Amino acid sequence: MAPRVDPVSSDEALPSRTKIVIVGGGIIGASTALFLAQKGINSVVCEKGHIAGEQSSRNWGWCRKMGRDPREIPLIIESLRLWQGMNEMVKAETGFRQAGIMYLAETQAELGQLEAWLDHARQYQLDTRILSRTEAAELMPGLTGTWTGALYTASDGKAEPQRAAPVIAEAARRQGAAILTQCAVRGIETAGGRISAVVTERGPIACGSVVLAGGAWSRLFCGNLGIELPQLKVLATVMRTEPLEGGPEISASGGLFGFRKRMDGGYTVATLGVRTIDLVPDHFRLFLDYLPAARLHWRKLRFRVGGRWVEEWRMPRRWGLDETSPFEAVRVLDPEPDRFVVDRAHAATAQAFPVFRNAVVAESWGGMIDVMPDAIPVISPVESLPGFFIATGFSGHGFGIGPGAGKLVADMVAGDPTLVDPAPFRLSRFTDGSNPRPHPLAS
Ligand SMILES: Cc1cc2nc3c(=O)[nH]c(=O)nc-3n(C[C@H](O)[C@H](O)[C@H](O)COP(=O)(O)OP(=O)(O)OC[C@H]3O[C@@H](n4cnc5c(N)ncnc54)[C@H](O)[C@@H]3O)c2cc1C
């Protein structure tokens with residue numbers, strides 16, 4: 001079942017021309033459009049389904065610095081700064097609150113691993129600190145179990161995924177962006193080696209630049225342009241409870257659970273402990289790229305072979321701009337949640353916080369996470385296609401970093417000084433011999 005997302009209506013007319021077309025209306029596409037508009041640059045967001053229909057409405061809603069890959073820390077610091085002013089900036093409620101995030105550790109070894117991350121926190125003067133079991137319990141009333149301690153960042157936050165990208169998109173529109181939904185981009189036309197237009201299912205839009213913020217579809221889009229993007233999909237499952245009295249205010253994870261209190265008084269509950277991999281042909285094509293990540297997370301991975309193999313096998317990998325593209329066939333990627341994960345997450349949460357025994361599960365859903373081999377995104381121009389920018393592969397933590405990433409992309413496209421150094425996110429890291437690896441704490 002897909003989570004309900006605040007609806008964003010489509011502009012009716014297809015603009016014949018714009019400066020920049022943004023492919024994808026998730027948090028990244030919407031934020032990019034907003035920050036471009038703030039520079040006075042008009043853009044058109046083309047979304048094949050509805051705004052925030054895929055990952056951006058299905059996530060936990062954590063906006064965290066804690067536990068990040070060090071390469072992402074400068075960008076997430078800026079992103080959280082933007083989140084703090086976001087309600088004011090978009091004149092609407094994104095649900096952003098600085099409510100704190102805590103990672104509970106079950107063993108001394110786990111606590112040691114969390115403690116090791118403090119070196120990065122110190123470097124950036126973050127307020128992250130290690131808590132004893134007693135200190136953790138003081139902040140988390142109702143906590144039971146033999147935890148060895150926790151890593152805690154009071155300044156980390158949360159927002160409402162089913163509201164945030166929609167209100168950001170609406171604000172971008174008020175400031176000059178066009179928003180087209182049910183409008184898949186089939187591909188790109190070039191003239192003289194540069195981008196001249198995109199071709200959508202409703203016709204062409206002449207433009208000078210394109211930002212691909214296509215989430216889990218980005219590899220397919222790039223493949224049709226002859227650009228290799230080593231991206232895979234991983235199924236994550238989430239459930240939502242009805243409002244629950246007496247539960248923790250701080251977002252937390254530990255062992256097999258993770259949760260966030262929602263604005264409606266219920267909880268979004270999931271597990272960090274299990275990632276479901278529905279095997280598809282790309283897993284074999286990209287086997288070597290993902291070996292380091294698979295070794296790191298081996299115990300968390302739950303492999304399955306089923307319908308997705310056939311679906312992806314049959315999906316065309318090349319098509320012409322006058323042909324129906326695969327993006328039109330799947331308006332919203334809405335995978336079935338993995339029941340095994342829902343049950344484990346619920347049981348593990350109730351074990352740590354007995355108040356969750358009374359929680360009524362209102363709904364559950366699946367979301368396809370777009371992962372990269374080193375678990376950090378690609379936010380990068382593409383040298384072989386001037387005017388083409390990629391912002392994808394946020395690897396399960398792109399919601400919190402979304403506004404920062406959108407601002408970074410807007411800076412890049414405008415040719416302005418960038419919010420942070422974009423070098424760690426360059427596409428060429430996969431081919432320039434730098435052998436990028438995931439950080440051990442990266443999810
Ligand atoms: C279960 C789950 C939990 C998560 N928890 C967190 C969390 O707590 N904190 C956090 O920071 N991150 C979290 N994430 C990750 C986060 O949700 C994503 O990184 C982020 O939403 C990515 O945003 P996006 O805009 O890149 O992609 P998406 O939201 O997936 O949007 C991409 C959009 O592009 C559209 N599109 C694709 N191709 C085309 C095309 N050719 N034409 C037109 N439209 C196209 C798609 O329809 C889609 O709407 C989680 C993800 C999941 C699934």
# chains A, B, ... in the order shown; residues from 1 in each chain; ligands from 1

call {"tool": "residues_around", "arguments": {"residues": "stretch 333-337 of chain A", "least_positions_apart": "3", "cutoff": "9 Å", "atoms": "only C-alpha atoms", "output": "list in words"}}
result
Met1, Ala2, Gly53, Glu54, Gln55, Ala216, Leu235, Ala236, Thr237, Val238, Met239, Val330, Phe340, Val341, Val342, Ser364, Trp365, Gly366, Gly367 and Met368 of chain A

call {"tool": "write_last_selection", "arguments": {"atoms": "N, CA and C atoms", "output": "compact mmCIF listing (two decimals), in the first residue's frame"}}
result
# COMPACT_ATOMS: atom_id res chain seq x y z
N MET A 1 0.86 -1.19 0.00
CA MET A 1 0.00 0.00 0.00
C MET A 1 0.90 1.25 0.00
N ALA A 2 0.59 2.18 -0.91
CA ALA A 2 1.42 3.39 -0.99
C ALA A 2 1.00 4.36 0.11
N GLY A 53 6.12 10.60 -5.03
CA GLY A 53 5.43 9.30 -5.05
C GLY A 53 6.34 8.14 -4.67
N GLU A 54 7.65 8.29 -4.88
CA GLU A 54 8.53 7.14 -4.62
C GLU A 54 9.28 7.33 -3.30
N GLN A 55 10.60 7.22 -3.29
CA GLN A 55 11.32 7.21 -2.00
C GLN A 55 11.00 8.40 -1.08
N ALA A 216 15.54 5.72 -8.22
CA ALA A 216 15.85 4.35 -8.61
C ALA A 216 15.81 4.12 -10.12
N LEU A 235 15.18 -3.10 -1.51
CA LEU A 235 13.84 -2.89 -0.94
C LEU A 235 13.92 -2.62 0.56
N ALA A 236 13.31 -1.54 1.00
CA ALA A 236 13.21 -1.26 2.43
C ALA A 236 11.72 -1.21 2.79
N THR A 237 11.40 -1.72 3.96
CA THR A 237 10.00 -1.82 4.37
C THR A 237 9.77 -0.97 5.61
N VAL A 238 8.62 -0.31 5.64
CA VAL A 238 8.30 0.62 6.73
C VAL A 238 6.86 0.38 7.15
N MET A 239 6.56 0.64 8.42
CA MET A 239 5.14 0.65 8.81
C MET A 239 4.83 1.91 9.59
N VAL A 330 5.57 2.34 -15.50
CA VAL A 330 5.48 2.25 -14.03
C VAL A 330 5.42 3.69 -13.51
N PHE A 340 8.05 -10.11 6.59
CA PHE A 340 9.05 -10.60 7.53
C PHE A 340 9.68 -9.41 8.28
N VAL A 341 9.96 -8.35 7.51
CA VAL A 341 10.60 -7.17 8.08
C VAL A 341 9.63 -6.41 8.99
N VAL A 342 8.38 -6.27 8.54
CA VAL A 342 7.37 -5.57 9.36
C VAL A 342 7.25 -6.26 10.71
N SER A 364 1.53 -0.45 6.07
CA SER A 364 2.96 -0.66 5.82
C SER A 364 3.19 -0.50 4.32
N TRP A 365 4.43 -0.17 3.97
CA TRP A 365 4.73 0.02 2.55
C TRP A 365 6.19 -0.34 2.27
N GLY A 366 6.48 -0.51 1.01
CA GLY A 366 7.86 -0.75 0.61
C GLY A 366 8.39 0.46 -0.15
N GLY A 367 9.70 0.58 -0.21
CA GLY A 367 10.31 1.65 -0.99
C GLY A 367 11.61 1.12 -1.58
N MET A 368 11.85 1.46 -2.83
CA MET A 368 13.09 1.02 -3.48
C MET A 368 14.16 2.06 -3.29

call {"tool": "residues_near_ligand", "arguments": {"ligand": "ligand 1", "cutoff": "6 Å", "atoms": "only C-alpha atoms and all ligand atoms", "output": "number ranges by chain"}}
result
A: 23-29, 46-49, 51-56, 58-63, 183-186, 213-217, 236-238, 327, 332, 367-369, 392, 394-401

call {"tool": "closest_residue", "arguments": {"among": "A:Ile76, A:Leu427, A:Val360, A:Ala165", "to": "A:Pro377", "atoms": "only C-alpha atoms"}}
result
A:Leu427

call {"tool": "closest_residue", "arguments": {"among": "A:Gly387, A:Pro424, A:Gly40, A:Pro403", "to": "A:Gly193", "atoms": "only C-alpha atoms"}}
result
A:Gly387

call {"tool": "closest_residue", "arguments": {"among": "A:Leu220, A:Ala116, A:Ala136, A:Ala164", "to": "A:Met86", "atoms": "only C-alpha atoms"}}
result
A:Ala164

call {"tool": "select_by_dssp", "arguments": {"residues": "stretch 92-281 of chain A", "states": "alpha helix (DSSP H)", "output": "number ranges by chain"}}
result
A: 108-116, 118-123, 133-139, 161-174, 218-224, 281

call {"tool": "residues_around", "arguments": {"residues": "stretch 303-313 of chain A", "least_positions_apart": "4", "cutoff": "8 Å", "atoms": "only C-alpha atoms", "output": "PyMOL selection string"}}
result
chain A and resi 276-281

call {"tool": "write_last_selection", "arguments": {"atoms": "all heavy atoms", "output": "PDB file, in the first residue's frame"}}
result
ATOM      1  N   THR A 276      16.176  -6.111   2.021  1.00  0.00           N
ATOM      2  CA  THR A 276      15.722  -7.179   1.147  1.00  0.00           C
ATOM      3  C   THR A 276      16.236  -6.931  -0.267  1.00  0.00           C
ATOM      4  O   THR A 276      16.028  -5.855  -0.822  1.00  0.00           O
ATOM      5  CB  THR A 276      14.174  -7.228   1.144  1.00  0.00           C
ATOM      6  OG1 THR A 276      13.731  -7.155   2.494  1.00  0.00           O
ATOM      7  CG2 THR A 276      13.655  -8.492   0.501  1.00  0.00           C
ATOM      8  N   ILE A 277      16.908  -7.936  -0.810  1.00  0.00           N
ATOM      9  CA  ILE A 277      17.447  -7.807  -2.167  1.00  0.00           C
ATOM     10  C   ILE A 277      16.671  -8.763  -3.074  1.00  0.00           C
ATOM     11  O   ILE A 277      16.827  -9.977  -2.970  1.00  0.00           O
ATOM     12  CB  ILE A 277      18.945  -8.197  -2.232  1.00  0.00           C
ATOM     13  CG1 ILE A 277      19.751  -7.565  -1.103  1.00  0.00           C
ATOM     14  CG2 ILE A 277      19.531  -7.919  -3.609  1.00  0.00           C
ATOM     15  CD1 ILE A 277      20.138  -6.153  -1.299  1.00  0.00           C
ATOM     16  N   ASP A 278      15.828  -8.202  -3.928  1.00  0.00           N
ATOM     17  CA  ASP A 278      15.157  -9.013  -4.945  1.00  0.00           C
ATOM     18  C   ASP A 278      16.112  -9.086  -6.126  1.00  0.00           C
ATOM     19  O   ASP A 278      16.344  -8.080  -6.802  1.00  0.00           O
ATOM     20  CB  ASP A 278      13.833  -8.360  -5.360  1.00  0.00           C
ATOM     21  CG  ASP A 278      12.782  -8.514  -4.278  1.00  0.00           C
ATOM     22  OD1 ASP A 278      12.640  -9.635  -3.757  1.00  0.00           O
ATOM     23  OD2 ASP A 278      12.127  -7.511  -3.935  1.00  0.00           O
ATOM     24  N   LEU A 279      16.659 -10.258  -6.344  1.00  0.00           N
ATOM     25  CA  LEU A 279      17.713 -10.368  -7.366  1.00  0.00           C
ATOM     26  C   LEU A 279      17.177 -10.031  -8.754  1.00  0.00           C
ATOM     27  O   LEU A 279      16.072 -10.436  -9.133  1.00  0.00           O
ATOM     28  CB  LEU A 279      18.305 -11.775  -7.355  1.00  0.00           C
ATOM     29  CG  LEU A 279      19.218 -12.054  -6.146  1.00  0.00           C
ATOM     30  CD1 LEU A 279      19.585 -13.526  -6.067  1.00  0.00           C
ATOM     31  CD2 LEU A 279      20.471 -11.179  -6.178  1.00  0.00           C
ATOM     32  N   VAL A 280      17.965  -9.234  -9.475  1.00  0.00           N
ATOM     33  CA  VAL A 280      17.644  -8.836 -10.855  1.00  0.00           C
ATOM     34  C   VAL A 280      18.944  -8.933 -11.660  1.00  0.00           C
ATOM     35  O   VAL A 280      20.035  -9.029 -11.063  1.00  0.00           O
ATOM     36  CB  VAL A 280      17.086  -7.378 -10.911  1.00  0.00           C
ATOM     37  CG1 VAL A 280      15.751  -7.263 -10.200  1.00  0.00           C
ATOM     38  CG2 VAL A 280      18.069  -6.365 -10.340  1.00  0.00           C
ATOM     39  N   PRO A 281      18.854  -8.898 -12.995  1.00  0.00           N
ATOM     40  CA  PRO A 281      20.086  -9.053 -13.795  1.00  0.00           C
ATOM     41  C   PRO A 281      21.183  -8.054 -13.423  1.00  0.00           C
ATOM     42  O   PRO A 281      22.373  -8.403 -13.454  1.00  0.00           O
ATOM     43  CB  PRO A 281      19.588  -8.829 -15.229  1.00  0.00           C
ATOM     44  CG  PRO A 281      18.155  -9.278 -15.197  1.00  0.00           C
ATOM     45  CD  PRO A 281      17.644  -8.903 -13.850  1.00  0.00           C
TER      46      PRO A 281
END

call {"tool": "residues_around", "arguments": {"residues": "A:Arg437", "least_positions_apart": "5", "cutoff": "12 Å", "atoms": "only C-alpha atoms", "output": "count of residues only"}}
result
20

call {"tool": "decode", "arguments": {"residues": "stretch 336-361 of chain A", "atoms": "C-alpha atoms", "output": "short mmCIF file (atom, residue, chain, number, x, y, z; two decimals), in the first residue's frame"}}
result
data_model
loop_
_atom_site.label_atom_id
_atom_site.label_comp_id
_atom_site.auth_asym_id
_atom_site.auth_seq_id
_atom_site.Cartn_x
_atom_site.Cartn_y
_atom_site.Cartn_z
CA GLU A 336 5.17 -4.86 -1.77
CA PRO A 337 6.47 -4.48 1.78
CA ASP A 338 8.38 -7.47 3.12
CA ARG A 339 6.11 -8.90 5.87
CA PHE A 340 9.05 -10.60 7.53
CA VAL A 341 10.60 -7.17 8.08
CA VAL A 342 7.37 -5.57 9.36
CA ASP A 343 6.92 -8.32 11.95
CA ARG A 344 10.54 -8.20 13.11
CA ALA A 345 10.58 -4.41 13.35
CA HIS A 346 7.37 -4.40 15.39
CA ALA A 347 8.56 -7.16 17.73
CA ALA A 348 12.00 -5.59 18.22
CA THR A 349 10.53 -2.16 18.96
CA ALA A 350 8.07 -3.59 21.47
CA GLN A 351 10.88 -5.49 23.16
CA ALA A 352 12.94 -2.33 23.66
CA PHE A 353 9.94 -0.09 24.43
CA PRO A 354 7.03 -2.09 25.87
CA VAL A 355 4.66 0.81 25.09
CA PHE A 356 4.82 -0.35 21.44
CA ARG A 357 3.02 -3.58 22.42
CA ASN A 358 -0.14 -1.48 22.26
CA ALA A 359 0.74 0.06 18.91
CA VAL A 360 -1.82 -0.54 16.18
CA VAL A 361 -0.22 -0.89 12.76
#
